[in-house]
Every structure is written in C-alpha cells, then in structure tokens.
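Enquirer: Sharing a structure with you now.
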Amino acid sequence: MPFPLLAIETSCDETAAAVIGAGGELLSEVVRTQVADHAVFGGVVPELASRRHVEWLPAVVDEALLRGGLRPADIGAVAVTVGPGLAGCLLCGLGWAQGFALARDLPLLGVNHLEGHLLAPFVAQGDPPFPFVALTVSGGHTSIVRADALGSYEVLGETVDDAAGEAFDKGARLLGMPYPGGALVDQLADGGDPRAIHYPRGLQHEGPHFSFSGLKTAVRVAVEREGSTPTGQRLADHCASLREAIVDVLVQKCVAAVRRSGLDRVVLTGGVGANRLLRERLATQCAENGWQLHVPPKAHCTDNAAMIGAVAALWHRSGAEGRSPLDIDPSLTLVGAGTA
Ligand code: KG4
Ligand code: ZN
C-alpha cells in the first residue's frame with residue numbers, strides 16, 4: 001500500500017513536504033519559504049537555495065509527519081519533484097527522497113513540477129474534471145495548456161522570453177521594491193491608477209505566445225525619465241500600470257485560447273495566479289462566457305508539496321497492479337549526483 005504518501009518539493013526557493021492519504025486527502029503540509037534569504041541579493045541564488053534545502057528539509061518533513069500524526073515508519077511511498085527547476089535544488093530533494101525510500105524499501109515516484117501546478121486546483125478534490133484549458137503562470141513559466149486527460153497535455157501558447165512572474169519581479173526591482181515583488185506590486189496596485197503610465201503589451205495581437213521582456217526596458221525608461229525611483233502615489237501608479245499590462249495580455253490570450261478550444265472549463269494556476277486582478281478579470285470572463293473556472297487557494301498557487309503528492313496519487317491510481325507510471329528506481333545513480 002503506497003499510502004500515506006510523502007511528497008517533497010525543492011525545485012526553487014520553497015522547501016516543502018506534504019502527506020497524502022489513501023483517498024487522495026491532504027493529511028498535512030508544510031512550506032518553508034526562503035524568500036528572506038534571497039531578498040538581500042535581489043533574486044534567488046541557486047547555491048544558497050540548495051544549501052537551505054539540505055539544512056531545512058529534514059525538519060520540514062518531521063513537521064509534516066508530526067502534523068499528520070504519523071511516524072516515518074507509517075509512510076508507504078515517496079513522491080518528489082524531478083523538474084523543471086534549479087538543478088542543484090532538485091538534486092537536494094531527490095537525493096533525500098531516494099535515501100528515505102531506499103532505506104525503507106518504498107516506491108519512489110518522480111513528479112513534474114508543472115504538472116503539479118496544472119493540477120493544483122484539484123488537490124484533495126478527487127479526479128480532475130478533464131478536459132480543460134489552463135493558464136499556468138509562475139516565476140519560471142508562463143503557458144496555456146490544453147489538458148484532455150492525465151498525461152495528455154498540449155501546450156497552446158507559452159512565453160518566448162520572460163515568465164509573467166519574472167516580469168512582475170524584475171519590474172518591481174526596477175521600481176526599487178524588494179524581491180520577489182509580484183505580491184507587493186499587486187498590493188500597491190490596488191491604490192494606483194492603471195492608466196497613469198502606458199506599459200507595452202508584448203505580442204498582443206500576434207497569436208497565442210507571450211513576450212514580457214520588453215517590460216523591463218519600459219519600466220527602466222519610465223523611471224529614468226522621471227529622474228528618480230517613484231515613491232508614494234506615483235509608485236502605486238506604476239504598480240497599477242505594470243499589473244494592468246501583464247494581466248491584460250494574460251487574460252486576452254487565455255480567453256482566445258479557450259474560445260478556440262471549444263472547451264468550457266478553465267484553470268488558473270501558478271504563483272501569479274495569486275494576483276488579485278488576474279483572478280478577478282478571468283473570473284468575469286469565465287462568467288460572461290459560461291465557463292467554469294478552477295483556481296487553487298493562494299497557498300497552492302505558489303510552490304508547495306501538496307500538488308506534487310496529489311499528482312503522484314493520481315498517477316498511482318492510473319497504474320496497473322499497484323505500480324505507478326512515475327516509478328523511478330531509488331537506487332539509480334543520477335548523472336552528476338555523485339560528483340563534488
Ligand atoms: O509558482 P511560484 O511559487 O514559483 C515558481 O515556480 O516560479 O511563483 C512565484 C512567482 C514570483 O514571480 C512571484 O512574484 C509571483 O509568483 N507572485 C505574484 C503574486 N504572488 C506571487 N505575482 C503577481 N501577483 C501576486 N499576487
Ligand atoms: Zn512553481
């Protein structure tokens with residue numbers, strides 16, 4: 001019996017563990033964010049992130065087990081994010097999960113981080129209601145994906161340069177705000193005028209793909225023209241205008257993709273899915289078109305291990321004879337893992 005299933009997520013700067021029960025229910029979860037450690041450097045420092053994962057993961061797992069009223073011996077399988085993500089960070093989680101699984105002779109399931117985000121609205125909700133179109137917007141990825149069944153995914157559109165979260169974070173940095181700026185821009189934007197500064201909408205009328213890299217230059221030029229980093233109301237106006245530009249394109253392209261697909265179910269997920277305006281605008285569009293919108297709670301928009309465990313549990317249930325198609329051999333030596 002591969003349950004309770006322990007899930008580990010260390011692909012970027014959140015050290016996370018969760019435990020999933022036999023019915024797909026979330027027994028416990030812990031997310032410890034490294035944001036404060038990286039903020040002084042203005043962005044994620046990969047080597048530092050790896051070190052934090054090594055230091056924190058054992059205690060994070062202990063806490064997840066404690067909150068679930070479980071001991072290590074109760075665990076029936078381990079799921080771990082295998083990518084995409086920062087290579088060193090992924091290796092920390094993978095190495096730890098391999099050790100835990102190997103020592104107890106447990107199955108080890110490798111989960112794709114983006115599939116985790118894609119199915120995050122359905123953690124502890126039973127089978128996802130396929131088919132749907134998902135707007136996946138995080139710090140590292142921006143895509144529109146058609147999901148027809150578990151494992152049957154088609155990318156309909158994606159960014160050709162920066163991710164939406166990156167655009168928020170880099171824009172925020174140029175506006176003198178701390179890393180990661182996305183949530184703060186969102187907060188300050190509520191008090192600003194979205195028409196104050198015209199920020200560009202990359203590839204707005206050119207197909208399903210996104211381009212956000214032009215925003216960096218636009219923010220830099222706007223700040224230079226004003227002669228100083230904005231503060232007070234002017235900063236709020238910049239935030240509102242930046243958010244408007246990003247959300248405008250995201251919603252427009254997502255709506256066009258859903259229309260083309262002929263489907264009537266939409267998912268908004270990933271860290272930027274926590275954005276207030278984006279949630280509001282997409283909800284309005286879905287209501288007007290008669291589409292059903294699924295959005296995870298904010299804590300499951302950003303990186304977490306519950307979504308990784310949920311994906312592993314779904315795949316396990318889809319496999320024959322109690323084996324999951326995600327099974328990996330915990331004794332495998334990974335390329336590069338043994339080199340100092
Ligand atoms: O999914 P996530 O936790 O990590 C990645 O897989 O990248 O997403 C983090 C990203 C960051 O860029 C952060 O600034 C952005 O999500 N973010 C937001 C908001 N909350 C987090 N962006 C805009 N508005 C928000 N409320
Ligand atoms: Zn993520």
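Chain lettering (A, B, ...) mirrors the order of the structure tokens, residue numbering begins at 1 for each chain separately, and ligand numbering begins at 1 in order of display.
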For Asp248 in chain A, list every protein, DNA or RNA residue within 12 Å, evaluated using only C-alpha atoms, and leave out those in the same chain fewer than 4 positions away; present the list as an MDAnalysis selection string.
Expert: chainID A and resid 164 194 199:205 210 212 240:244 252:255 277:282 285
Enquirer: Take the residues that were just selected and, keeping C-alpha atoms, output them as a PDB file, in the first residue's frame.
Expert:
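Dumped to again-v4.pdb:
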```pdb
ATOM      1  CA  ALA A 164       4.874  36.606 -16.151  1.00  0.00           C
ATOM      2  CA  PRO A 194      -3.700  51.720 -14.124  1.00  0.00           C
ATOM      3  CA  TYR A 199       3.408  49.878 -20.414  1.00  0.00           C
ATOM      4  CA  PRO A 200       3.711  47.743 -23.573  1.00  0.00           C
ATOM      5  CA  ARG A 201       1.646  44.621 -24.254  1.00  0.00           C
ATOM      6  CA  GLY A 202       4.105  42.269 -25.993  1.00  0.00           C
ATOM      7  CA  LEU A 203       2.784  40.214 -28.960  1.00  0.00           C
ATOM      8  CA  GLN A 204      -0.722  41.385 -28.047  1.00  0.00           C
ATOM      9  CA  HIS A 205      -2.265  40.745 -31.438  1.00  0.00           C
ATOM     10  CA  PHE A 210       3.636  35.740 -24.787  1.00  0.00           C
ATOM     11  CA  PHE A 212       7.235  40.075 -21.383  1.00  0.00           C
ATOM     12  CA  ALA A 240      -1.140  49.506 -11.195  1.00  0.00           C
ATOM     13  CA  SER A 241       0.032  50.222 -14.753  1.00  0.00           C
ATOM     14  CA  LEU A 242       2.504  47.328 -14.741  1.00  0.00           C
ATOM     15  CA  ARG A 243      -0.077  44.909 -13.364  1.00  0.00           C
ATOM     16  CA  GLU A 244      -2.637  46.114 -15.904  1.00  0.00           C
ATOM     17  CA  GLN A 252      -6.790  38.220 -23.550  1.00  0.00           C
ATOM     18  CA  LYS A 253      -4.664  35.292 -24.753  1.00  0.00           C
ATOM     19  CA  CYS A 254      -6.203  32.840 -22.326  1.00  0.00           C
ATOM     20  CA  VAL A 255      -9.753  33.781 -23.381  1.00  0.00           C
ATOM     21  CA  LEU A 277      -6.689  41.495 -10.692  1.00  0.00           C
ATOM     22  CA  LEU A 278      -5.884  38.394 -12.749  1.00  0.00           C
ATOM     23  CA  ARG A 279      -8.230  36.251 -10.653  1.00  0.00           C
ATOM     24  CA  GLU A 280     -10.963  38.887 -10.883  1.00  0.00           C
ATOM     25  CA  ARG A 281     -10.660  39.519 -14.632  1.00  0.00           C
ATOM     26  CA  LEU A 282     -10.528  35.859 -15.563  1.00  0.00           C
ATOM     27  CA  GLN A 285     -14.605  36.486 -18.486  1.00  0.00           C
TER      28      GLN A 285
END
```
Enquirer: Hey, which bits of chain A sit within 8 Å of ligand 2, and for each residue what's the closest pair of atoms and how far apart in Å (one decimal), counting only C-alpha atoms and all ligand atoms, rows by chain and increasing number, as a Markdown table?
Expert:
```
| residue | atom | partner | partner_atom_place_in_ligand_line | distance |
| --- | --- | --- | --- | --- |
| A:Ser11 | CA | ligand 2 | 1 (Zn) | 7.6 |
| A:Cys12 | CA | ligand 2 | 1 (Zn) | 7.6 |
| A:His113 | CA | ligand 2 | 1 (Zn) | 6.5 |
| A:Leu114 | CA | ligand 2 | 1 (Zn) | 6.9 |
| A:His117 | CA | ligand 2 | 1 (Zn) | 6.5 |
| A:Ser138 | CA | ligand 2 | 1 (Zn) | 5.8 |
| A:Gly139 | CA | ligand 2 | 1 (Zn) | 6.9 |
| A:Gly140 | CA | ligand 2 | 1 (Zn) | 7.0 |
| A:His141 | CA | ligand 2 | 1 (Zn) | 7.8 |
| A:Gly270 | CA | ligand 2 | 1 (Zn) | 6.1 |
| A:Gly271 | CA | ligand 2 | 1 (Zn) | 6.7 |
| A:Thr302 | CA | ligand 2 | 1 (Zn) | 6.1 |
| A:Asp303 | CA | ligand 2 | 1 (Zn) | 4.7 |
| A:Asn304 | CA | ligand 2 | 1 (Zn) | 7.9 |
```
Enquirer: Enumerate the residues of range 102-304 of chain A with a DSSP assignment of strand (DSSP E or B), computed from the backbone, and present them as a PyMOL selection string.
Expert: chain A and resi 108-112+132-137+142-149+152-159+210+265-269+292-294
Enquirer: What lies within 7 Å of range 150-157 of chain A using only C-alpha atoms, ignoring chain neighbours under 6 positions off, as a ChimeraX atom specification?
Expert: /A:143-144,208-209
Enquirer: Those residues you just picked out, can you put them in a file as a PDB file, in the first residue's frame with all heavy atoms?
Expert:
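out_38.pdb written:
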```pdb
ATOM      1  N   SER A 143       2.429  29.547 -19.527  1.00  0.00           N
ATOM      2  CA  SER A 143       1.919  28.785 -20.660  1.00  0.00           C
ATOM      3  C   SER A 143       0.412  28.616 -20.577  1.00  0.00           C
ATOM      4  O   SER A 143      -0.197  28.741 -19.516  1.00  0.00           O
ATOM      5  CB  SER A 143       2.602  27.415 -20.727  1.00  0.00           C
ATOM      6  OG  SER A 143       2.426  26.725 -19.520  1.00  0.00           O
ATOM      7  N   ILE A 144      -0.151  28.338 -21.758  1.00  0.00           N
ATOM      8  CA  ILE A 144      -1.559  27.957 -21.843  1.00  0.00           C
ATOM      9  C   ILE A 144      -1.544  26.507 -22.319  1.00  0.00           C
ATOM     10  O   ILE A 144      -0.943  26.188 -23.349  1.00  0.00           O
ATOM     11  CB  ILE A 144      -2.329  28.847 -22.831  1.00  0.00           C
ATOM     12  CG1 ILE A 144      -2.259  30.312 -22.388  1.00  0.00           C
ATOM     13  CG2 ILE A 144      -3.782  28.398 -22.932  1.00  0.00           C
ATOM     14  CD1 ILE A 144      -2.876  31.287 -23.367  1.00  0.00           C
ATOM     15  N   PRO A 208      -0.827  33.035 -30.009  1.00  0.00           N
ATOM     16  CA  PRO A 208      -1.049  32.573 -28.642  1.00  0.00           C
ATOM     17  C   PRO A 208       0.158  32.746 -27.713  1.00  0.00           C
ATOM     18  O   PRO A 208       0.054  32.476 -26.521  1.00  0.00           O
ATOM     19  CB  PRO A 208      -1.346  31.083 -28.831  1.00  0.00           C
ATOM     20  CG  PRO A 208      -0.578  30.706 -30.053  1.00  0.00           C
ATOM     21  CD  PRO A 208      -0.538  31.913 -30.932  1.00  0.00           C
ATOM     22  N   HIS A 209       1.308  33.160 -28.249  1.00  0.00           N
ATOM     23  CA  HIS A 209       2.503  33.223 -27.401  1.00  0.00           C
ATOM     24  C   HIS A 209       2.650  34.572 -26.694  1.00  0.00           C
ATOM     25  O   HIS A 209       2.090  35.569 -27.113  1.00  0.00           O
ATOM     26  CB  HIS A 209       3.752  32.895 -28.226  1.00  0.00           C
ATOM     27  CG  HIS A 209       3.684  31.517 -28.833  1.00  0.00           C
ATOM     28  ND1 HIS A 209       3.557  30.383 -28.071  1.00  0.00           N
ATOM     29  CD2 HIS A 209       3.680  31.113 -30.123  1.00  0.00           C
ATOM     30  CE1 HIS A 209       3.484  29.324 -28.858  1.00  0.00           C
ATOM     31  NE2 HIS A 209       3.549  29.736 -30.108  1.00  0.00           N
TER      32      HIS A 209
END
```
Enquirer: Using only C-alpha atoms, which residues sit within 12 Å of Lys216 in chain A once same-chain residues fewer than 4 positions away are excluded, as a list in words?
Expert: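 So, after excluding close chain neighbours, the residues are Asp161, Asp162, Ala163, Ala164, Glu166, Ala167, Phe168, Asp169, Lys170, Gly171, Ala172, Arg173, Leu174, Leu175, Tyr199, Pro200, Arg201, Gly202, Ser211, Phe212, Arg220, Val221, Ala222, Val223, Leu242 and Ile246 of chain A.
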Enquirer: With only C-alpha atoms counted and 12 Å as the cut-off, give the residues of range 75-176 of chain A in contact with range 56-64 of chain A, each with its shortest interatomic distance in Å and the pair that gives it, as CSV.
Expert:
```
residue,atom,partner,partner_atom,distance
A:Ile75,CA,A:Val61,CA,11.5
A:Val78,CA,A:Val61,CA,11.4
A:Cys89,CA,A:Leu57,CA,11.2
A:Cys92,CA,A:Leu57,CA,8.8
A:Gly93,CA,A:Leu57,CA,7.8
A:Leu94,CA,A:Leu57,CA,11.2
A:Gly95,CA,A:Leu57,CA,11.1
A:Trp96,CA,A:Leu57,CA,8.2
A:Ala97,CA,A:Leu57,CA,10.1
A:Gly99,CA,A:Pro58,CA,11.7
A:Phe100,CA,A:Pro58,CA,10.4
```
Enquirer: Given the selection you just returned, output its residues as a file containing N, CA and C atoms, formatted as a short mmCIF file (atom, residue, chain, number, x, y, z; two decimals), in the first residue's frame.
Expert:
```cif
data_model
loop_
_atom_site.label_atom_id
_atom_site.label_comp_id
_atom_site.auth_asym_id
_atom_site.auth_seq_id
_atom_site.Cartn_x
_atom_site.Cartn_y
_atom_site.Cartn_z
N ILE A 75 4.88 5.69 6.53
CA ILE A 75 4.86 6.14 5.12
C ILE A 75 4.96 4.94 4.17
N VAL A 78 7.13 7.53 -1.53
CA VAL A 78 7.66 8.90 -1.54
C VAL A 78 7.53 9.47 -2.95
N CYS A 89 18.96 22.39 -6.60
CA CYS A 89 17.83 22.31 -5.68
C CYS A 89 17.08 21.00 -5.88
N CYS A 92 18.85 18.09 -4.32
CA CYS A 92 18.73 18.02 -2.85
C CYS A 92 17.49 17.23 -2.46
N GLY A 93 16.35 17.57 -3.06
CA GLY A 93 15.10 16.87 -2.74
C GLY A 93 15.15 15.43 -3.20
N LEU A 94 15.66 15.24 -4.40
CA LEU A 94 15.71 13.90 -4.98
C LEU A 94 16.62 12.99 -4.17
N GLY A 95 17.80 13.50 -3.81
CA GLY A 95 18.74 12.69 -3.02
C GLY A 95 18.13 12.30 -1.68
N TRP A 96 17.47 13.26 -1.06
CA TRP A 96 16.87 12.99 0.24
C TRP A 96 15.75 11.95 0.10
N ALA A 97 14.90 12.14 -0.92
CA ALA A 97 13.78 11.21 -1.14
C ALA A 97 14.29 9.81 -1.50
N GLY A 99 17.09 8.46 -0.52
CA GLY A 99 17.59 7.87 0.72
C GLY A 99 16.46 7.35 1.59
N PHE A 100 15.41 8.18 1.73
CA PHE A 100 14.26 7.80 2.57
C PHE A 100 13.60 6.54 2.00
#
```
Enquirer: Closest to ligand 1 among A:Asn275, A:Ser324, A:Gln98, A:Gln34, using only C-alpha atoms and all ligand atoms?
Expert: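 Of A:Asn275, A:Ser324, A:Gln98, A:Gln34, the one nearest ligand 1 is A:Asn275, counting only C-alpha atoms and all ligand atoms.
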Enquirer: So that I can see what lies close to Pro325 in chain A, please list as a VMD selection string the residues with an atom at most 10 Å from it, counting only C-alpha atoms and leaving out residues fewer than 3 positions away in the same chain.
Expert: chain A and resid 109 to 110 312 315 to 320 322 328
Enquirer: Go through A:Ala257, A:Leu118, A:Ala101, A:Leu326 and flag the residue nearest Val82 in chain A, using only C-alpha atoms for the distances.
Expert: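 Checking each candidate against Val82 in chain A, we get A:Leu326 as the closest.
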Enquirer: Using only C-alpha atoms, can you tell me which of A:Gly88, A:Gly309, A:Gly69, A:Pro297 comes closest to Ala7 in chain A?
Expert: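 Checking each of A:Gly88, A:Gly309, A:Gly69, A:Pro297 against Ala7 in chain A, counting only C-alpha atoms, the winner is A:Gly309.
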Enquirer: Give me, please, the distance in Å between CA of Thr10 in chain A and atom 13 (C, counted along the ligand's line) of ligand 1, quoted to one decimal.
Expert: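 These two atoms are separated by 16.2 Å.
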Enquirer: When you count only C-alpha atoms and all ligand atoms, which of these residues is closest to ligand 1: A:Ala245, A:Ala283, A:Leu184, A:Ser331?
Expert: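 That would be A:Leu184, the residue with the smallest distance to ligand 1.
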Enquirer: Which one is closest to Val185 in chain A: A:His198, A:Val111, A:Cys239, A:Arg225? Count only C-alpha atoms.
Expert: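 Distance minimum relative to Val185 in chain A lands on A:Cys239.
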Enquirer: Using only C-alpha atoms, can you tell me which of A:Ala22, A:Arg265, A:Val251, A:Ala124 comes closest to Asp148 in chain A?
Expert: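 Result for the nearest residue to Asp148 in chain A: A:Arg265.
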Enquirer: Write down as a PyMOL selection string the residues of range 14-77 of chain A whose backbone DSSP state falls under helix (DSSP H, G or I).
Expert: chain A and resi 35-39+46-67+72-74
Enquirer: Okay, now the selection with N, CA and C atoms, as an mmCIF file, in the first residue's frame?
Expert:
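Here's the written file selection_18.cif:
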```cif
data_model
loop_
_atom_site.group_PDB
_atom_site.id
_atom_site.type_symbol
_atom_site.label_atom_id
_atom_site.label_comp_id
_atom_site.auth_asym_id
_atom_site.auth_seq_id
_atom_site.Cartn_x
_atom_site.Cartn_y
_atom_site.Cartn_z
ATOM 1 N N VAL A 35 12.382 33.069 0.946
ATOM 2 C CA VAL A 35 12.336 34.427 0.384
ATOM 3 C C VAL A 35 13.259 35.407 1.105
ATOM 4 N N ALA A 36 13.233 35.399 2.430
ATOM 5 C CA ALA A 36 14.041 36.372 3.186
ATOM 6 C C ALA A 36 15.542 36.162 2.944
ATOM 7 N N ASP A 37 15.949 34.906 2.733
ATOM 8 C CA ASP A 37 17.377 34.615 2.499
ATOM 9 C C ASP A 37 17.861 35.167 1.158
ATOM 10 N N HIS A 38 16.959 35.184 0.176
ATOM 11 C CA HIS A 38 17.365 35.619 -1.168
ATOM 12 C C HIS A 38 17.102 37.107 -1.408
ATOM 13 N N ALA A 39 16.203 37.686 -0.607
ATOM 14 C CA ALA A 39 15.782 39.073 -0.850
ATOM 15 C C ALA A 39 16.975 40.033 -0.856
ATOM 16 N N PRO A 46 20.946 30.286 -6.630
ATOM 17 C CA PRO A 46 20.771 28.831 -6.678
ATOM 18 C C PRO A 46 21.578 28.064 -5.632
ATOM 19 N N GLU A 47 22.843 28.423 -5.447
ATOM 20 C CA GLU A 47 23.684 27.683 -4.498
ATOM 21 C C GLU A 47 23.170 27.838 -3.058
ATOM 22 N N LEU A 48 22.746 29.053 -2.744
ATOM 23 C CA LEU A 48 22.190 29.303 -1.410
ATOM 24 C C LEU A 48 20.892 28.518 -1.223
ATOM 25 N N ALA A 49 20.069 28.481 -2.272
ATOM 26 C CA ALA A 49 18.793 27.749 -2.195
ATOM 27 C C ALA A 49 19.058 26.266 -1.922
ATOM 28 N N SER A 50 20.046 25.697 -2.602
ATOM 29 C CA SER A 50 20.376 24.282 -2.394
ATOM 30 C C SER A 50 20.797 24.050 -0.941
ATOM 31 N N ARG A 51 21.646 24.933 -0.436
ATOM 32 C CA ARG A 51 22.110 24.774 0.955
ATOM 33 C C ARG A 51 20.949 24.816 1.938
ATOM 34 N N ARG A 52 20.015 25.731 1.711
ATOM 35 C CA ARG A 52 18.858 25.826 2.606
ATOM 36 C C ARG A 52 18.026 24.545 2.544
ATOM 37 N N HIS A 53 17.839 24.003 1.338
ATOM 38 C CA HIS A 53 17.065 22.757 1.228
ATOM 39 C C HIS A 53 17.719 21.645 2.055
ATOM 40 N N VAL A 54 19.046 21.545 1.934
ATOM 41 C CA VAL A 54 19.760 20.495 2.676
ATOM 42 C C VAL A 54 19.556 20.697 4.180
ATOM 43 N N GLU A 55 19.647 21.963 4.620
ATOM 44 C CA GLU A 55 19.505 22.252 6.054
ATOM 45 C C GLU A 55 18.074 22.046 6.556
ATOM 46 N N TRP A 56 17.122 22.477 5.763
ATOM 47 C CA TRP A 56 15.739 22.557 6.253
ATOM 48 C C TRP A 56 14.894 21.318 6.007
ATOM 49 N N LEU A 57 15.182 20.591 4.947
ATOM 50 C CA LEU A 57 14.258 19.520 4.539
ATOM 51 C C LEU A 57 13.957 18.502 5.649
ATOM 52 N N PRO A 58 14.978 18.011 6.390
ATOM 53 C CA PRO A 58 14.641 17.024 7.433
ATOM 54 C C PRO A 58 13.621 17.554 8.447
ATOM 55 N N ALA A 59 13.791 18.817 8.879
ATOM 56 C CA ALA A 59 12.863 19.382 9.874
ATOM 57 C C ALA A 59 11.491 19.631 9.260
ATOM 58 N N VAL A 60 11.466 20.031 7.993
ATOM 59 C CA VAL A 60 10.186 20.270 7.309
ATOM 60 C C VAL A 60 9.409 18.955 7.200
ATOM 61 N N VAL A 61 10.106 17.875 6.855
ATOM 62 C CA VAL A 61 9.447 16.562 6.771
ATOM 63 C C VAL A 61 8.967 16.127 8.157
ATOM 64 N N ASP A 62 9.832 16.287 9.167
ATOM 65 C CA ASP A 62 9.437 15.919 10.540
ATOM 66 C C ASP A 62 8.155 16.631 10.941
ATOM 67 N N GLU A 63 8.089 17.924 10.612
ATOM 68 C CA GLU A 63 6.914 18.705 10.998
ATOM 69 C C GLU A 63 5.665 18.235 10.250
ATOM 70 N N ALA A 64 5.828 17.913 8.959
ATOM 71 C CA ALA A 64 4.679 17.423 8.174
ATOM 72 C C ALA A 64 4.175 16.103 8.769
ATOM 73 N N LEU A 65 5.101 15.224 9.159
ATOM 74 C CA LEU A 65 4.699 13.942 9.748
ATOM 75 C C LEU A 65 3.995 14.172 11.089
ATOM 76 N N LEU A 66 4.580 15.068 11.876
ATOM 77 C CA LEU A 66 4.013 15.371 13.198
ATOM 78 C C LEU A 66 2.590 15.909 13.071
ATOM 79 N N ARG A 67 2.418 16.860 12.157
ATOM 80 C CA ARG A 67 1.087 17.462 11.965
ATOM 81 C C ARG A 67 0.080 16.425 11.469
ATOM 82 N N PRO A 72 7.761 8.096 10.578
ATOM 83 C CA PRO A 72 8.367 7.722 9.288
ATOM 84 C C PRO A 72 7.973 6.307 8.858
ATOM 85 N N ALA A 73 7.831 5.402 9.837
ATOM 86 C CA ALA A 73 7.519 4.001 9.511
ATOM 87 C C ALA A 73 6.115 3.833 8.917
ATOM 88 N N ASP A 74 5.257 4.854 9.089
ATOM 89 C CA ASP A 74 3.894 4.751 8.536
ATOM 90 C C ASP A 74 3.846 5.019 7.036
#
```
